[in-house]
>>> print(open('target_11.txt').read())   # compact mmCIF, C-alpha atoms and all ligand atoms
# COMPACT_ATOMS: atom_id res chain seq x y z
CA LYS H 1 7.27 -30.34 -24.34
CA LEU H 2 3.61 -29.59 -24.96
CA LEU H 3 1.56 -32.72 -25.35
CA ALA H 4 0.57 -33.43 -28.97
CA GLU H 5 -3.18 -33.54 -29.48
CA SER H 6 -2.95 -37.07 -30.89
CA ASN H 7 -1.76 -38.21 -27.44
CA PHE H 8 -4.72 -36.72 -25.57
CA SER H 9 -7.00 -39.02 -23.62
CA GLN H 10 -10.28 -40.07 -25.22
CA GLU H 11 -12.11 -38.05 -22.54
CA CYS H 12 -10.21 -34.90 -23.45
CA LYS H 13 -10.74 -35.39 -27.19
CA GLU H 14 -14.47 -35.79 -26.60
CA LEU H 15 -14.65 -32.73 -24.38
CA LEU H 16 -12.79 -30.67 -26.97
CA SER H 17 -15.44 -31.58 -29.52
CA TYR H 18 -18.28 -29.96 -27.58
CA LEU H 19 -16.93 -27.55 -24.93
CA PRO H 20 -17.49 -23.82 -25.60
CA LYS H 21 -14.44 -22.40 -27.33
CA ASP H 22 -13.07 -18.94 -27.93
CA ARG H 23 -10.33 -17.72 -30.24
CA SER H 24 -7.26 -16.95 -28.26
CA PHE H 25 -3.83 -15.44 -28.29
CA PHE H 26 -2.44 -18.38 -26.39
CA ALA H 27 -3.37 -21.32 -28.55
CA GLU H 28 -5.68 -21.33 -31.52
CA TYR H 29 -8.63 -21.84 -29.17
CA LEU H 30 -9.26 -21.84 -25.46
CA TYR H 31 -11.94 -24.20 -24.14
CA GLN H 32 -14.27 -23.49 -21.24
CA TYR H 33 -14.33 -26.31 -18.72
CA GLN H 34 -16.12 -26.03 -15.36
CA GLY H 35 -16.35 -22.26 -15.85
CA PHE H 36 -12.68 -21.55 -16.67
CA TRP H 37 -10.69 -21.34 -19.92
CA TYR H 38 -7.82 -23.59 -21.00
CA PRO H 39 -5.73 -24.34 -24.05
CA PRO H 40 -6.11 -28.04 -24.98
CA ASN H 41 -2.86 -29.27 -23.45
CA LEU H 42 -3.60 -27.66 -20.09
CA LEU H 43 -7.13 -29.03 -20.14
CA GLU H 44 -5.63 -32.48 -20.59
CA GLY H 45 -3.37 -31.78 -17.59
CA VAL H 46 -6.31 -30.67 -15.45
CA LEU H 47 -8.31 -33.78 -16.35
CA TYR H 48 -5.30 -35.99 -15.64
CA SER H 49 -4.73 -34.43 -12.22
CA GLN H 50 -8.45 -34.63 -11.37
CA LYS H 51 -8.24 -38.37 -12.04
CA HIS H 52 -4.86 -39.30 -10.69
CA PHE H 53 -3.58 -36.77 -8.17
CA GLN H 54 -3.79 -38.21 -4.66
CA ALA H 55 -3.21 -35.56 -2.04
CA ARG H 56 -1.70 -36.49 1.31
CA ASP H 57 -2.61 -34.73 4.54
CA SER H 58 0.92 -33.36 4.78
CA ASP H 59 0.95 -31.92 1.24
CA ILE H 60 1.33 -28.21 0.57
CA ILE H 61 -0.38 -26.82 -2.52
CA LEU H 62 0.59 -23.38 -3.83
CA VAL H 63 -2.06 -21.82 -6.03
CA SER H 64 -2.08 -18.73 -8.22
CA SER H 65 -3.26 -17.35 -11.51
CA PRO H 66 -0.45 -17.24 -14.06
CA LYS H 67 1.96 -14.32 -13.57
CA SER H 68 0.84 -13.57 -10.03
CA GLY H 69 4.01 -14.50 -8.17
CA THR H 70 4.03 -18.29 -8.56
CA THR H 71 7.79 -18.58 -9.03
CA TRP H 72 8.54 -16.44 -5.99
CA LEU H 73 6.02 -18.25 -3.78
CA LYS H 74 7.51 -21.59 -4.82
CA ALA H 75 11.00 -20.43 -3.87
CA LEU H 76 9.93 -18.92 -0.54
CA VAL H 77 7.88 -21.89 0.60
CA PHE H 78 10.50 -24.40 -0.54
CA ALA H 79 13.27 -22.54 1.30
CA SER H 80 11.13 -22.03 4.44
CA VAL H 81 9.73 -25.54 4.76
CA TYR H 82 13.04 -27.31 4.07
CA ARG H 83 15.19 -24.90 6.07
CA GLN H 84 16.47 -27.67 8.38
CA GLU H 85 17.70 -29.74 5.44
CA PHE H 86 19.35 -26.80 3.71
CA GLN H 87 20.68 -24.67 6.49
CA THR H 88 23.02 -22.26 4.78
CA PRO H 89 20.83 -20.95 2.04
CA LEU H 90 23.23 -18.35 0.75
CA GLU H 91 26.14 -20.71 0.12
CA SER H 92 24.71 -24.04 -0.90
CA HIS H 93 21.06 -24.54 -1.63
CA PRO H 94 18.98 -26.34 -4.29
CA LEU H 95 17.55 -22.97 -5.33
CA LEU H 96 21.01 -21.88 -6.43
CA ASP H 97 21.13 -24.45 -9.19
CA ASN H 98 17.49 -25.29 -9.83
CA ASN H 99 14.72 -23.05 -11.07
CA PRO H 100 11.86 -22.98 -8.51
CA HIS H 101 9.55 -24.64 -11.07
CA SER H 102 11.88 -27.64 -11.19
CA LEU H 103 11.71 -28.04 -7.42
CA VAL H 104 7.97 -27.51 -7.01
CA PRO H 105 6.05 -29.16 -9.88
CA PHE H 106 2.65 -28.14 -11.19
CA ILE H 107 0.12 -30.88 -10.53
CA GLU H 108 -1.40 -30.37 -13.98
CA ALA H 109 1.98 -30.91 -15.66
CA PHE H 110 1.87 -34.73 -15.43
CA ASN H 111 5.03 -35.07 -13.32
CA PHE H 112 3.61 -34.98 -9.80
CA HIS H 113 4.45 -38.69 -9.39
CA THR H 114 8.13 -37.81 -9.15
CA GLN H 115 7.78 -35.69 -6.01
CA ASP H 116 9.20 -37.71 -3.10
CA THR H 117 10.22 -35.09 -0.54
CA PHE H 118 8.52 -34.68 2.82
CA PRO H 119 6.33 -32.78 2.98
CA ARG H 120 5.50 -32.73 -0.70
CA ILE H 121 5.11 -29.24 -2.13
CA PHE H 122 3.14 -28.78 -5.34
CA SER H 123 1.74 -25.87 -7.19
CA THR H 124 -1.19 -25.36 -9.51
CA HIS H 125 -3.16 -22.75 -11.41
CA ILE H 126 -6.35 -24.86 -11.21
CA PRO H 127 -9.39 -22.90 -9.95
CA LEU H 128 -10.95 -23.91 -6.64
CA GLY H 129 -13.96 -25.72 -8.09
CA SER H 130 -11.83 -27.89 -10.37
CA LEU H 131 -9.17 -28.99 -7.87
CA PRO H 132 -8.74 -32.76 -7.61
CA GLU H 133 -11.20 -34.11 -5.02
CA SER H 134 -8.39 -35.45 -2.82
CA ILE H 135 -7.09 -31.91 -2.26
CA LYS H 136 -10.50 -30.87 -0.95
CA LYS H 137 -10.99 -34.00 1.15
CA SER H 138 -7.53 -34.34 2.71
CA SER H 139 -6.10 -31.97 5.32
CA CYS H 140 -3.44 -30.69 2.95
CA LYS H 141 -2.88 -26.93 3.07
CA VAL H 142 -3.40 -24.44 0.28
CA VAL H 143 -1.64 -21.08 -0.10
CA TYR H 144 -3.11 -18.76 -2.74
CA CYS H 145 -1.19 -15.80 -4.12
CA CYS H 146 -3.09 -13.11 -6.02
CA ARG H 147 -1.90 -10.02 -7.87
CA ASN H 148 -3.33 -6.79 -9.19
CA PRO H 149 -5.12 -7.68 -12.48
CA LYS H 150 -3.38 -4.99 -14.55
CA ASP H 151 0.09 -6.06 -13.37
CA ALA H 152 -0.74 -9.73 -13.89
CA PHE H 153 -2.05 -8.93 -17.38
CA VAL H 154 1.05 -6.95 -18.33
CA SER H 155 3.30 -9.66 -16.96
CA LEU H 156 1.42 -12.22 -19.07
CA TRP H 157 1.68 -9.99 -22.13
CA HIS H 158 5.47 -9.78 -21.87
CA PHE H 159 5.77 -13.45 -20.99
CA MET H 160 3.82 -14.51 -24.08
CA LYS H 161 4.97 -11.92 -26.50
CA ASP H 162 8.66 -11.60 -25.95
CA LEU H 163 9.81 -14.75 -24.34
CA VAL H 164 7.80 -17.87 -24.75
CA LEU H 165 5.39 -17.87 -27.60
CA LYS H 166 7.25 -15.90 -30.21
CA GLU H 167 6.40 -18.50 -32.79
CA MET H 168 2.79 -19.02 -31.74
CA VAL H 169 -0.41 -17.19 -32.62
CA GLY H 170 0.15 -13.44 -32.43
CA CYS H 171 -2.40 -10.82 -31.48
CA THR H 172 -2.55 -7.16 -30.57
CA MET H 173 -2.60 -5.96 -26.99
CA GLU H 174 -6.14 -4.65 -27.54
CA GLN H 175 -7.32 -8.12 -28.53
CA MET H 176 -5.56 -9.65 -25.58
CA VAL H 177 -7.12 -7.14 -23.14
CA LYS H 178 -10.55 -7.94 -24.61
CA GLY H 179 -9.96 -11.67 -24.13
CA PHE H 180 -8.67 -11.13 -20.59
CA CYS H 181 -11.73 -9.02 -19.67
CA ARG H 182 -14.11 -11.52 -21.28
CA GLY H 183 -12.50 -14.12 -19.06
CA SER H 184 -11.05 -16.18 -21.85
CA SER H 185 -7.46 -16.08 -20.75
CA VAL H 186 -5.36 -19.01 -19.53
CA TYR H 187 -7.14 -20.22 -16.35
CA GLY H 188 -9.42 -17.17 -16.57
CA PRO H 189 -11.61 -15.41 -15.63
CA PHE H 190 -8.76 -14.00 -13.56
CA TRP H 191 -11.12 -12.30 -11.06
CA ASP H 192 -13.33 -15.33 -10.40
CA HIS H 193 -10.20 -17.40 -9.80
CA ALA H 194 -9.01 -15.10 -7.01
CA LEU H 195 -12.45 -14.39 -5.54
CA GLU H 196 -13.29 -18.07 -5.12
CA TYR H 197 -10.08 -18.77 -3.21
CA TRP H 198 -10.45 -15.58 -1.18
CA LYS H 199 -13.95 -16.60 -0.09
CA GLU H 200 -12.70 -20.08 0.76
CA SER H 201 -9.86 -18.59 2.84
CA LEU H 202 -12.46 -16.76 4.94
CA GLU H 203 -14.75 -19.74 5.30
CA ASN H 204 -12.03 -22.28 5.81
CA PRO H 205 -9.00 -20.43 7.20
CA LYS H 206 -7.20 -23.59 8.32
CA LYS H 207 -7.29 -24.92 4.77
CA VAL H 208 -6.63 -21.87 2.57
CA PHE H 209 -4.28 -18.97 3.25
CA PHE H 210 -4.61 -15.97 0.95
CA VAL H 211 -1.74 -13.58 0.19
CA LYS H 212 -1.27 -10.68 -2.17
CA TYR H 213 1.88 -10.31 -4.25
CA GLU H 214 1.92 -6.59 -3.47
CA ASP H 215 1.79 -7.17 0.30
CA MET H 216 4.62 -9.69 0.05
CA ARG H 217 6.70 -7.22 -1.98
CA GLU H 218 6.19 -4.57 0.70
CA LYS H 219 6.79 -6.71 3.77
CA PRO H 220 8.23 -10.06 2.75
CA GLU H 221 9.37 -10.98 6.28
CA ASP H 222 5.87 -10.57 7.74
CA TRP H 223 4.20 -12.61 5.04
CA VAL H 224 6.74 -15.39 4.90
CA MET H 225 6.40 -15.71 8.68
CA ARG H 226 2.62 -15.91 8.40
CA ILE H 227 2.74 -18.44 5.58
CA ALA H 228 5.21 -20.59 7.53
CA GLU H 229 2.99 -20.42 10.61
CA PHE H 230 -0.08 -21.38 8.59
CA LEU H 231 1.79 -24.38 7.17
CA GLY H 232 2.94 -25.50 10.61
CA TYR H 233 6.58 -24.49 10.08
CA SER H 234 6.72 -21.34 12.22
CA PHE H 235 10.04 -19.55 12.50
CA THR H 236 11.29 -19.45 16.09
CA GLU H 237 12.51 -16.24 17.70
CA ARG H 238 15.98 -17.71 17.76
CA GLU H 239 15.89 -18.42 14.03
CA ILE H 240 14.80 -14.88 13.39
CA GLU H 241 17.60 -13.51 15.61
CA ASN H 242 20.06 -15.70 13.72
CA GLY H 243 18.95 -14.24 10.40
CA VAL H 244 17.43 -17.45 9.00
CA LEU H 245 14.31 -15.67 7.73
CA GLU H 246 16.35 -12.79 6.34
CA ASP H 247 18.62 -15.22 4.47
CA ILE H 248 15.62 -16.95 2.92
CA ILE H 249 14.19 -13.64 1.72
CA LYS H 250 17.55 -12.71 0.22
CA LEU H 251 18.00 -16.10 -1.39
CA CYS H 252 14.55 -15.90 -3.02
CA SER H 253 14.71 -12.26 -4.05
CA LEU H 254 14.15 -11.37 -7.69
CA GLU H 255 17.61 -9.78 -7.77
CA ASN H 256 19.30 -12.92 -6.50
CA LEU H 257 17.35 -15.59 -8.39
CA SER H 258 17.42 -13.75 -11.70
CA LYS H 259 21.20 -13.49 -11.77
CA LEU H 260 21.80 -17.21 -11.26
CA GLU H 261 23.08 -19.16 -14.25
CA VAL H 262 20.20 -21.64 -14.03
CA ASN H 263 17.70 -18.79 -14.32
CA LYS H 264 19.57 -16.95 -17.06
CA VAL H 265 20.22 -19.67 -19.60
CA GLY H 266 18.36 -22.71 -18.22
CA LYS H 267 15.33 -24.47 -19.67
CA LEU H 268 12.49 -26.28 -17.92
CA MET H 269 11.50 -29.82 -18.85
CA ASN H 270 8.76 -28.43 -21.10
CA GLY H 271 11.32 -26.40 -23.03
CA MET H 272 10.44 -23.00 -21.56
CA GLU H 273 13.37 -20.70 -20.93
CA THR H 274 13.75 -20.07 -17.20
CA LYS H 275 14.60 -16.40 -17.74
CA ALA H 276 10.98 -15.87 -18.85
CA PHE H 277 9.89 -16.04 -15.22
CA PHE H 278 11.93 -13.08 -14.01
CA ARG H 279 11.25 -9.56 -15.22
CA LYS H 280 10.66 -6.42 -13.14
CA GLY H 281 8.43 -7.57 -10.31
CA GLU H 282 7.03 -4.10 -9.85
CA ILE H 283 3.87 -2.94 -8.17
CA ARG H 284 1.83 -0.87 -10.64
CA GLY H 285 4.50 -1.52 -13.31
CA TRP H 286 1.58 -1.81 -15.77
CA LYS H 287 1.85 1.94 -16.37
CA ASP H 288 4.83 1.32 -18.68
CA THR H 289 2.84 -0.95 -20.96
CA LEU H 290 -0.90 -0.29 -20.84
CA THR H 291 -2.48 2.77 -22.45
CA PRO H 292 -4.93 4.63 -20.17
CA LEU H 293 -7.79 3.31 -22.32
CA LEU H 294 -6.78 -0.33 -21.92
CA ALA H 295 -6.12 0.19 -18.22
CA GLU H 296 -9.63 1.58 -17.91
CA GLU H 297 -11.08 -1.43 -19.66
CA ILE H 298 -9.47 -3.76 -17.12
CA ASP H 299 -10.52 -1.47 -14.24
CA LYS H 300 -14.13 -1.56 -15.40
CA THR H 301 -14.11 -5.34 -15.43
CA THR H 302 -12.54 -5.36 -11.97
CA GLU H 303 -15.24 -3.02 -10.71
CA GLN H 304 -18.01 -5.21 -12.10
CA LYS H 305 -16.49 -8.39 -10.76
CA LEU H 306 -16.19 -6.95 -7.28
CA ILE H 307 -19.80 -5.82 -6.99
CA GLY H 308 -21.15 -7.29 -3.77
CA SER H 309 -17.73 -8.37 -2.54
CA ALA H 310 -15.56 -6.84 0.17
CA PHE H 311 -12.46 -8.01 -1.64
CA ARG H 312 -10.10 -5.43 -3.19
CA PHE H 313 -7.12 -6.17 -5.42
P1 LIG I 401 6.64 -9.04 -13.90
O1 LIG I 401 6.44 -9.62 -15.25
O2 LIG I 401 5.64 -7.98 -13.55
O3 LIG I 401 8.02 -8.57 -13.66
P2 LIG I 401 4.79 -16.04 -12.12
O4 LIG I 401 5.91 -16.52 -11.28
O5 LIG I 401 3.45 -16.33 -11.53
O6 LIG I 401 4.94 -16.50 -13.52
O7 LIG I 401 4.86 -14.45 -12.11
C1 LIG I 401 5.91 -13.79 -12.73
C2 LIG I 401 6.04 -12.41 -12.13
O8 LIG I 401 6.67 -12.53 -10.85
C3 LIG I 401 6.94 -11.54 -12.98
O9 LIG I 401 6.41 -10.21 -12.81
C4 LIG I 401 8.29 -11.72 -12.32
O10 LIG I 401 9.19 -10.67 -12.54
C5 LIG I 401 7.89 -11.80 -10.85
N1 LIG I 401 8.88 -12.54 -10.05
C6 LIG I 401 9.56 -13.65 -10.41
N2 LIG I 401 10.39 -14.02 -9.43
C7 LIG I 401 10.25 -13.15 -8.43
C8 LIG I 401 10.86 -12.98 -7.15
N3 LIG I 401 11.81 -13.81 -6.74
N4 LIG I 401 10.47 -11.95 -6.38
C9 LIG I 401 9.51 -11.09 -6.80
N5 LIG I 401 8.90 -11.18 -8.00
C10 LIG I 401 9.26 -12.19 -8.81
>>> encode(input="target_11.txt", output="structure tokens", more="lines below")
Ligand code: A3P
Amino acid sequence: KLLAESNFSQECKELLSYLPKDRSFFAEYLYQYQGFWYPPNLLEGVLYSQKHFQARDSDIILVSSPKSGTTWLKALVFASVYRQEFQTPLESHPLLDNNPHSLVPFIEAFNFHTQDTFPRIFSTHIPLGSLPESIKKSSCKVVYCCRNPKDAFVSLWHFMKDLVLKEMVGCTMEQMVKGFCRGSSVYGPFWDHALEYWKESLENPKKVFFVKYEDMREKPEDWVMRIAEFLGYSFTEREIENGVLEDIIKLCSLENLSKLEVNKVGKLMNGMETKAFFRKGEIRGWKDTLTPLLAEEIDKTTEQKLIGSAFRF
């Protein structure tokens, strides 16, 4: 469940009283903390993880902006890293009766203490500059997954509108595009989030590995192999011959995960319906939802944000 404001830490309550705020479609207000925007309960989670999360050298941290392929990355990395423990992924595997978010917790969701597997795998949407210090200082590895801004926006729109926040503050798509482009979106600005991790992946390639959702959709085998290698869990030629990699890709596919009971009618600990995380998974699927005018507005922001950078979404 979302944390009630009365239970927030004193630090968070104080911050909320003076941080810049912006009206939002997500909560009544989003607050800008260390350059990025959060609803109050997520801000509390970020502060809590900054204070209490202790990374270990062996930890794996999966990072993304919301709706950029988090669920898929969680499933793929979980299945790849623990492939010795769960050897027959298609017949009996934790991913068959657990949603990926239940297996790989968000560090800002207060439940990281419960993770006792080896290595520990966590995920987060926290921007680079706000990560808990111990993540930066330890030798833990970070995998960042980014997605085309228009597709991520449209995915967020459907996620909020139809599935999760029916009863919360409503707004038009135009208003939401404006907020997204202004940067005041959950964990936004979306572009800065990706660009900071991308830069870090170039400067510190042993620490941060950068992938694009679109590239993974096109060649999942290649990218899962590269991610596994980066994490120190390379697939052997023999494993590949025996179809281990192929089985993992099949197990984690949108088609397979979305038809499982746990992902059709299940709920996460915070009450969210698991089906909300599986939709179309298309590349350039935004065309179904965004008018050309709104698409152009996002494109213009993308253009401005990329001035001076070699990065392309
Ligand atoms: P769409 O809404 O465009 O379909 P996140 O996991 O970060 O919340 O992102 C959700 C997006 O990833 C949704 O995109 C969803 O359909 C897609 N997705 C979820 N599981 C997937 C999987 N196993 N393979 C590919 N895409 C997946």
>>> closest_atom_pairs(input="target_11.txt", of="chain H", to="ligand LIG 401 (chain I)", cutoff="9 Å", atoms="only C-alpha atoms and all ligand atoms", output="tab-separated table")
residue	atom	partner	partner_atom	distance
H:Ser64	CA	I:LIG401	O5	6.9
H:Ser65	CA	I:LIG401	O5	6.8
H:Pro66	CA	I:LIG401	O5	4.7
H:Lys67	CA	I:LIG401	O5	3.2
H:Ser68	CA	I:LIG401	O5	4.1
H:Gly69	CA	I:LIG401	O5	3.9
H:Thr70	CA	I:LIG401	O5	3.6
H:Thr71	CA	I:LIG401	O4	3.6
H:Trp72	CA	I:LIG401	N3	4.3
H:Leu73	CA	I:LIG401	O4	7.7
H:Lys74	CA	I:LIG401	O4	8.4
H:Ala75	CA	I:LIG401	N3	7.3
H:Leu76	CA	I:LIG401	N3	8.3
H:His101	CA	I:LIG401	O4	8.9
H:Cys145	CA	I:LIG401	O5	8.8
H:Asp151	CA	I:LIG401	O2	5.9
H:Ala152	CA	I:LIG401	O2	6.6
H:Phe153	CA	I:LIG401	O2	8.6
H:Val154	CA	I:LIG401	O2	6.7
H:Ser155	CA	I:LIG401	O1	3.6
H:Leu156	CA	I:LIG401	O1	6.8
H:Trp157	CA	I:LIG401	O1	8.4
H:His158	CA	I:LIG401	O1	6.7
H:Phe159	CA	I:LIG401	O1	6.9
H:Tyr213	CA	I:LIG401	N5	8.0
H:Met216	CA	I:LIG401	C9	8.5
H:Arg217	CA	I:LIG401	C9	6.8
H:Ile249	CA	I:LIG401	N3	8.8
H:Leu251	CA	I:LIG401	N3	8.5
H:Cys252	CA	I:LIG401	N3	5.1
H:Ser253	CA	I:LIG401	N3	4.2
H:Leu254	CA	I:LIG401	N3	3.5
H:Glu255	CA	I:LIG401	N3	7.1
H:Asn256	CA	I:LIG401	N3	7.5
H:Leu257	CA	I:LIG401	N3	6.0
H:Ser258	CA	I:LIG401	N2	7.4
H:Ala276	CA	I:LIG401	O6	8.1
H:Phe277	CA	I:LIG401	C1	5.2
H:Phe278	CA	I:LIG401	O10	3.9
H:Arg279	CA	I:LIG401	O10	3.6
H:Lys280	CA	I:LIG401	O3	3.4
H:Gly281	CA	I:LIG401	O3	3.5
H:Glu282	CA	I:LIG401	O2	5.5
H:Ile283	CA	I:LIG401	O2	7.6
H:Arg284	CA	I:LIG401	O2	8.6
H:Gly285	CA	I:LIG401	O2	6.6
H:Trp286	CA	I:LIG401	O2	7.7
>>> residues_around(input="target_11.txt", residues="Leu245 (chain H)", least_positions_apart="3", cutoff="8 Å", atoms="only C-alpha atoms", output="PyMOL selection string")
chain H and resi 80+221+225+235+239-240+248-249
>>> atom_distance(input="target_11.txt", atom1="CA of Phe106 (chain H)", atom2="CA of Glu28 (chain H)")
23.0 Å
>>> atom_distance(input="target_11.txt", atom1="CA of Pro127 (chain H)", atom2="CA of His193 (chain H)")
5.6 Å
>>> closest_residue(input="target_11.txt", among="H:Lys141, H:Met160, H:Asp288, H:Tyr197", to="Phe230 (chain H)", atoms="all atoms listed in the file")
H:Lys141
>>> closest_residue(input="target_11.txt", among="H:Gln34, H:Ser309, H:Asn263, H:Ser49", to="Lys199 (chain H)", atoms="all atoms listed in the file")
H:Ser309
>>> atom_distance(input="target_11.txt", atom1="CA of Ser9 (chain H)", atom2="CA of Gln115 (chain H)")
23.2 Å
>>> residues_around(input="target_11.txt", residues="Arg120 (chain H)", least_positions_apart="6", cutoff="12 Å", atoms="only C-alpha atoms", output="ChimeraX atom specification")
/H:54-62,77-78,81-82,103-107,112-114,140-141
>>> write_last_selection(input="target_11.txt", atoms="C-alpha atoms", output="compact mmCIF listing (two decimals), keeping the file's coordinate frame")
# COMPACT_ATOMS: atom_id res chain seq x y z
CA GLN H 54 -3.79 -38.21 -4.66
CA ALA H 55 -3.21 -35.56 -2.04
CA ARG H 56 -1.70 -36.49 1.31
CA ASP H 57 -2.61 -34.73 4.54
CA SER H 58 0.92 -33.36 4.78
CA ASP H 59 0.95 -31.92 1.24
CA ILE H 60 1.33 -28.21 0.57
CA ILE H 61 -0.38 -26.82 -2.52
CA LEU H 62 0.59 -23.38 -3.83
CA VAL H 77 7.88 -21.89 0.60
CA PHE H 78 10.50 -24.40 -0.54
CA VAL H 81 9.73 -25.54 4.76
CA TYR H 82 13.04 -27.31 4.07
CA LEU H 103 11.71 -28.04 -7.42
CA VAL H 104 7.97 -27.51 -7.01
CA PRO H 105 6.05 -29.16 -9.88
CA PHE H 106 2.65 -28.14 -11.19
CA ILE H 107 0.12 -30.88 -10.53
CA PHE H 112 3.61 -34.98 -9.80
CA HIS H 113 4.45 -38.69 -9.39
CA THR H 114 8.13 -37.81 -9.15
CA CYS H 140 -3.44 -30.69 2.95
CA LYS H 141 -2.88 -26.93 3.07
>>> closest_residue(input="target_11.txt", among="H:Ala109, H:Pro119, H:Trp37, H:Asn7", to="Pro20 (chain H)", atoms="all atoms listed in the file")
H:Trp37
>>> residues_near_point(input="target_11.txt", point="(13.8, -23.4, -20.0)", cutoff="12 Å", atoms="only C-alpha atoms", output="ChimeraX atom specification")
/H:1,98-102,163-164,261-277
>>> residues_around(input="target_11.txt", residues="region 295-301 of chain H", least_positions_apart="5", cutoff="10 Å", atoms="only C-alpha atoms", output="tab-separated table (two decimals) with C-alpha atoms, keeping the file's coordinate frame")
chain	number	residue	atom	x	y	z
H	149	PRO	CA	-5.12	-7.68	-12.48
H	150	LYS	CA	-3.38	-4.99	-14.55
H	153	PHE	CA	-2.05	-8.93	-17.38
H	174	GLU	CA	-6.14	-4.65	-27.54
H	177	VAL	CA	-7.12	-7.14	-23.14
H	178	LYS	CA	-10.55	-7.94	-24.61
H	180	PHE	CA	-8.67	-11.13	-20.59
H	181	CYS	CA	-11.73	-9.02	-19.67
H	182	ARG	CA	-14.11	-11.52	-21.28
H	183	GLY	CA	-12.50	-14.12	-19.06
H	191	TRP	CA	-11.12	-12.30	-11.06
H	286	TRP	CA	1.58	-1.81	-15.77
H	287	LYS	CA	1.85	1.94	-16.37
H	289	THR	CA	2.84	-0.95	-20.96
H	290	LEU	CA	-0.90	-0.29	-20.84
H	306	LEU	CA	-16.19	-6.95	-7.28
>>> residues_around(input="target_11.txt", residues="Phe8 (chain H)", least_positions_apart="6", cutoff="9 Å", atoms="only C-alpha atoms", output="PDB file with C-alpha atoms, keeping the file's coordinate frame")
ATOM      1  CA  PRO H  40      -6.110 -28.040 -24.980  1.00  0.00           C
ATOM      2  CA  ASN H  41      -2.860 -29.270 -23.450  1.00  0.00           C
ATOM      3  CA  GLU H  44      -5.630 -32.480 -20.590  1.00  0.00           C
TER       4      GLU H  44
END
>>> residues_around(input="target_11.txt", residues="His52 (chain H)", least_positions_apart="5", cutoff="12 Å", atoms="all atoms listed in the file", output="PyMOL selection string")
chain H and resi 45-47+107-113+131-135
>>> axis_aligned_box(input="target_11.txt", around="region 140-158 of chain H", padding_each_side="3 Å", output="lines of an AutoDock Vina configuration file")
center_x = 0.2
center_y = -17.8
center_z = -9.5
size_x = 16.6
size_y = 31.7
size_z = 31.2
